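Structure file input.txt (compact mmCIF, C-alpha atoms and all ligand atoms) is printed below.
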# COMPACT_ATOMS: atom_id res chain seq x y z
CA MET A 1 42.72 192.21 229.70
CA THR A 2 43.69 189.32 227.43
CA THR A 3 43.27 185.82 228.78
CA ARG A 4 45.12 182.59 228.18
CA ARG A 5 43.87 179.03 228.16
CA VAL A 6 45.51 176.78 230.75
CA HIS A 7 45.37 172.99 230.79
CA LEU A 8 46.70 171.11 233.78
CA THR A 9 46.23 167.95 235.79
CA ILE A 10 45.18 168.12 239.43
CA ASN A 11 44.85 164.99 241.54
CA GLY A 12 45.00 162.91 238.36
CA ARG A 13 42.12 164.76 236.72
CA ASP A 14 42.37 167.12 233.75
CA TYR A 15 41.27 170.71 234.20
CA SER A 16 41.36 173.74 231.95
CA GLY A 17 40.40 177.34 232.28
CA GLU A 18 40.63 180.76 230.71
CA VAL A 19 42.76 182.95 232.95
CA GLU A 20 44.07 186.47 233.10
CA PRO A 21 47.89 186.49 233.31
CA ARG A 22 47.71 188.07 236.77
CA LEU A 23 45.47 185.38 238.29
CA LEU A 24 47.17 183.56 241.16
CA LEU A 25 47.19 179.78 241.15
CA SER A 26 45.60 179.78 244.61
CA ASP A 27 42.65 181.82 243.33
CA PHE A 28 42.39 179.73 240.17
CA ILE A 29 42.28 176.50 242.17
CA ARG A 30 39.77 177.79 244.69
CA ASP A 31 37.54 180.14 242.76
CA ASP A 32 37.61 178.81 239.21
CA LEU A 33 38.06 175.10 239.82
CA GLY A 34 36.20 174.86 243.14
CA LEU A 35 38.99 173.04 244.98
CA THR A 36 38.58 175.03 248.17
CA GLY A 37 40.60 172.65 250.33
CA THR A 38 43.62 174.78 249.47
CA HIS A 39 43.53 177.62 251.98
CA VAL A 40 44.77 181.16 251.55
CA GLY A 41 46.21 182.94 254.55
CA CYS A 42 48.89 185.58 254.05
CA GLU A 43 48.83 185.69 250.22
CA HIS A 44 52.52 186.55 250.12
CA GLY A 45 54.37 183.30 250.59
CA VAL A 46 54.84 183.30 254.35
CA CYS A 47 52.25 181.03 255.99
CA GLY A 48 52.24 177.89 253.81
CA ALA A 49 48.45 177.47 254.04
CA CYS A 50 48.19 177.51 250.24
CA THR A 51 50.76 174.72 249.73
CA VAL A 52 50.11 172.31 246.87
CA LEU A 53 52.43 169.72 245.34
CA TRP A 54 53.81 170.34 241.86
CA ASP A 55 55.42 167.17 240.53
CA GLY A 56 55.57 166.08 244.17
CA GLU A 57 57.33 169.21 245.40
CA PRO A 58 55.59 171.59 247.80
CA VAL A 59 54.98 175.02 246.29
CA ARG A 60 53.06 178.06 247.51
CA SER A 61 50.16 178.55 245.17
CA CYS A 62 49.84 182.22 246.18
CA LEU A 63 53.28 182.89 244.66
CA ILE A 64 52.55 181.28 241.29
CA PHE A 65 50.45 182.59 238.45
CA ALA A 66 47.91 180.17 237.05
CA VAL A 67 49.32 180.66 233.53
CA GLN A 68 52.66 179.26 234.71
CA THR A 69 51.04 175.89 235.43
CA ASP A 70 49.98 175.08 231.88
CA GLY A 71 50.77 171.37 231.47
CA ALA A 72 51.61 170.93 235.18
CA HIS A 73 50.73 167.99 237.40
CA LEU A 74 49.53 169.23 240.76
CA MET A 75 48.15 167.66 243.89
CA THR A 76 45.87 169.43 246.33
CA VAL A 77 44.59 168.21 249.66
CA GLU A 78 41.51 166.82 247.90
CA GLY A 79 43.82 164.27 246.23
CA LEU A 80 45.01 162.70 249.48
CA ALA A 81 42.12 160.45 250.48
CA PRO A 82 41.77 157.35 248.30
CA ASN A 83 37.97 157.67 248.21
CA GLU A 84 35.08 159.41 249.94
CA THR A 85 34.97 157.05 252.91
CA GLU A 86 38.65 156.46 253.65
CA LEU A 87 41.40 158.78 254.77
CA HIS A 88 45.02 158.83 253.72
CA PRO A 89 47.29 157.49 256.52
CA ILE A 90 48.61 161.02 257.07
CA GLN A 91 45.07 162.30 257.53
CA GLU A 92 44.32 159.43 259.92
CA ALA A 93 47.43 160.29 261.91
CA PHE A 94 46.49 163.98 262.18
CA SER A 95 43.03 162.96 263.35
CA GLU A 96 44.24 160.40 265.88
CA ALA A 97 47.07 162.54 267.27
CA HIS A 98 44.96 165.74 267.36
CA GLY A 99 47.33 167.39 264.89
CA LEU A 100 44.89 170.19 264.22
CA GLN A 101 42.78 172.66 266.09
CA CYS A 102 40.92 175.07 263.79
CA GLY A 103 42.22 173.23 260.74
CA PHE A 104 43.16 176.31 258.72
CA CYS A 105 46.80 175.33 258.31
CA THR A 106 45.99 171.63 257.93
CA PRO A 107 45.83 171.25 254.13
CA GLY A 108 49.27 172.81 253.79
CA MET A 109 50.62 170.80 256.72
CA LEU A 110 49.30 167.52 255.27
CA LEU A 111 50.87 168.09 251.86
CA THR A 112 54.13 169.31 253.36
CA ALA A 113 54.17 166.19 255.57
CA LEU A 114 53.50 163.96 252.56
CA ALA A 115 56.42 165.46 250.63
CA LEU A 116 58.65 165.20 253.71
CA LEU A 117 57.81 161.54 254.33
CA ARG A 118 58.28 160.61 250.67
CA GLU A 119 61.77 162.08 250.82
CA ASN A 120 62.57 160.88 254.33
CA PRO A 121 60.29 158.05 255.50
CA ASN A 122 61.75 157.98 259.01
CA PRO A 123 62.48 161.58 260.01
CA SER A 124 63.73 162.59 263.43
CA GLU A 125 61.70 165.05 265.47
CA GLN A 126 64.16 167.77 264.50
CA GLU A 127 63.85 166.90 260.82
CA ILE A 128 60.06 167.08 261.09
CA ARG A 129 60.27 170.46 262.82
CA GLU A 130 62.57 171.72 260.07
CA GLY A 131 60.35 170.18 257.39
CA ILE A 132 57.26 172.06 258.57
CA SER A 133 59.08 175.24 259.52
CA GLY A 134 57.62 177.05 256.51
CA ASN A 135 54.06 176.28 257.58
CA LEU A 136 52.55 178.50 260.25
CA CYS A 137 49.89 177.28 262.65
CA ARG A 138 48.03 180.11 264.34
CA CYS A 139 46.66 177.71 266.94
CA THR A 140 50.24 176.92 268.02
CA GLY A 141 49.52 173.24 267.57
CA TYR A 142 53.06 172.33 266.54
CA HIS A 143 53.65 169.69 269.22
CA ASN A 144 50.73 167.54 268.14
CA ILE A 145 51.50 168.16 264.47
CA VAL A 146 54.98 166.73 265.01
CA VAL A 147 53.49 163.76 266.89
CA ALA A 148 51.00 163.27 264.04
CA ILE A 149 53.76 163.19 261.44
CA GLN A 150 55.71 160.68 263.53
CA LEU A 151 52.55 158.53 263.70
CA ALA A 152 52.02 158.96 259.96
CA ALA A 153 55.57 157.75 259.34
CA ARG A 154 54.85 154.59 261.34
CA LYS A 155 51.56 154.02 259.54
CA LEU A 156 53.19 154.39 256.13
CA ALA A 157 56.05 152.08 257.17
CA ASP A 158 53.52 149.46 258.34
CA LEU A 159 51.67 149.72 255.05
CA GLU A 160 54.90 149.42 253.10
CA SER A 161 55.89 146.42 255.18
CA ALA A 162 52.48 144.79 254.64
CA THR A 163 52.68 145.25 250.87
CA THR A 164 56.24 143.96 250.62
CA GLY A 165 55.62 141.05 253.00
CA GLY A 166 58.01 142.47 255.57
CA GLU A 167 60.94 142.57 253.13
CA ARG A 168 63.01 145.70 253.42
S1 LIG A 201 48.69 182.07 251.51
FE1 LIG A 201 50.38 181.37 250.39
S2 LIG A 201 51.99 181.27 251.79
FE2 LIG A 201 50.37 182.17 252.90
S1 LIG A 202 45.16 174.27 263.48
FE1 LIG A 202 44.52 176.34 263.45
S2 LIG A 202 46.03 177.32 262.26
FE2 LIG A 202 46.82 175.35 262.58
Go through the file and emit its structure as structure tokens.
Amino acid sequence: MTTRRVHLTINGRDYSGEVEPRLLLSDFIRDDLGLTGTHVGCEHGVCGACTVLWDGEPVRSCLIFAVQTDGAHLMTVEGLAPNETELHPIQEAFSEAHGLQCGFCTPGMLLTALALLRENPNPSEQEIREGISGNLCRCTGYHNIVVAIQLAARKLADLESATTGGER
């Protein structure tokens, strides 16, 4: 089968690869690029485990072909933490509020939460539940996930307030 060269940016870093047109983005990210933080559950767009951000918007990488992402700017869960010793505030919140059990859904939940909080920094509980409604958690940990996203919203607001000197 013929292959095509794909160049894209993930987490601010340039990547390229030779891909068959049928290769899924989720498999390209995990198997070819080694970014295994993106999980694959259902492989048909239902569970949200494979969520990545494309230009800041959550997309299901199991529903996209790698060739479609030529020139794209993506973010995977590996791009959340600022460095190897610190966590992103959303990751801190999930850890502190026990927003995960087995952790399989967590990468997708974290990126979905990031996109939600960028769009709506102070969501209601209902808005959070709607925001994560496309992400399935097999451990039924939704209550603590919602609490974690509420905590993340407060952490991000505190950070914003600290950097703007309290001006709103
Ligand atoms: S693995 Fe992509 S939505 Fe389930
Ligand atoms: S924490 Fe196990 S699937 Fe969500």
Report the closest atom pair, with its distance in Å rounded to one decimal, for each residue of chain A that has an atom no farther than 8 Å from ligand LIG 201 (chain A); count only C-alpha atoms and all ligand atoms, sort by chain and then rising residue number, and write it as a tab-separated table.
residue	atom	partner	partner_atom	distance
A:Ser26	CA	A:LIG201	FE1	7.7
A:His39	CA	A:LIG201	S1	6.8
A:Val40	CA	A:LIG201	S1	4.0
A:Gly41	CA	A:LIG201	S1	4.0
A:Cys42	CA	A:LIG201	FE2	3.9
A:Glu43	CA	A:LIG201	S1	3.8
A:His44	CA	A:LIG201	S2	5.6
A:Gly45	CA	A:LIG201	S2	3.4
A:Val46	CA	A:LIG201	S2	4.3
A:Cys47	CA	A:LIG201	FE2	3.8
A:Gly48	CA	A:LIG201	S2	3.9
A:Ala49	CA	A:LIG201	FE2	5.2
A:Cys50	CA	A:LIG201	FE1	4.4
A:Thr51	CA	A:LIG201	FE1	6.7
A:Arg60	CA	A:LIG201	FE1	5.1
A:Ser61	CA	A:LIG201	FE1	5.9
A:Cys62	CA	A:LIG201	FE1	4.3
A:Leu63	CA	A:LIG201	FE1	6.6
A:Asn135	CA	A:LIG201	S2	7.9
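Comparing A:Arg118, A:Arg129, A:Lys155, A:His73 by their smallest distance to Glu96 of chain A, the closest is A:Lys155 (using all atoms listed in the file).
A straight line drawn from atom CA of Gly131 of chain A to atom CA of Val59 of chain A is 13.2 Å long.
Once all atoms listed in the file are used for the distance check, the residues close to ligand LIG 202 (chain A) at 7 Å turn out to be Leu100, Gln101, Cys102, Gly103, Phe104, Cys105, Thr106, Leu136, Cys137, Arg138, Cys139, Thr140 and Gly141 of chain A.
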Those residues you just picked out, can you put them in a file as a PDB file, in the coordinates of the input with C-alpha atoms?
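Output (selection28.pdb):
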ATOM      1  CA  LEU A 100      44.890 170.190 264.220  1.00  0.00           C
ATOM      2  CA  GLN A 101      42.780 172.660 266.090  1.00  0.00           C
ATOM      3  CA  CYS A 102      40.920 175.070 263.790  1.00  0.00           C
ATOM      4  CA  GLY A 103      42.220 173.230 260.740  1.00  0.00           C
ATOM      5  CA  PHE A 104      43.160 176.310 258.720  1.00  0.00           C
ATOM      6  CA  CYS A 105      46.800 175.330 258.310  1.00  0.00           C
ATOM      7  CA  THR A 106      45.990 171.630 257.930  1.00  0.00           C
ATOM      8  CA  LEU A 136      52.550 178.500 260.250  1.00  0.00           C
ATOM      9  CA  CYS A 137      49.890 177.280 262.650  1.00  0.00           C
ATOM     10  CA  ARG A 138      48.030 180.110 264.340  1.00  0.00           C
ATOM     11  CA  CYS A 139      46.660 177.710 266.940  1.00  0.00           C
ATOM     12  CA  THR A 140      50.240 176.920 268.020  1.00  0.00           C
ATOM     13  CA  GLY A 141      49.520 173.240 267.570  1.00  0.00           C
TER      14      GLY A 141
END
Nearest residue to Ala115 of chain A from the set A:Val52, A:Leu35, A:Leu25, A:Ala72 (distances using only C-alpha atoms): A:Val52
To one decimal place, how far is atom CA of Leu116 of chain A from atom CA of Thr69 of chain A in Å? 22.5 Å
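Going from atom CA of Pro107 of chain A over to atom CA of Arg5 of chain A, you cover 27.2 Å.
Here the question is which of A:Leu80, A:Leu111, A:Asp27, A:Ile149 gets nearest to Ile128 of chain A using all atoms listed in the file, and that residue is A:Ile149.
Considering all atoms listed in the file, the residue among A:Glu20, A:Asp14, A:Glu119, A:Asp32 positioned nearest to Gly71 of chain A is A:Asp14.
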Please identify all polymer residues lying at most 10 Å from the point (48.5, 187.5, 233.5) (file coordinates), using only C-alpha atoms, and present the result as a VMD selection string. chain A and resid 1 to 4 19 to 24 65 to 68
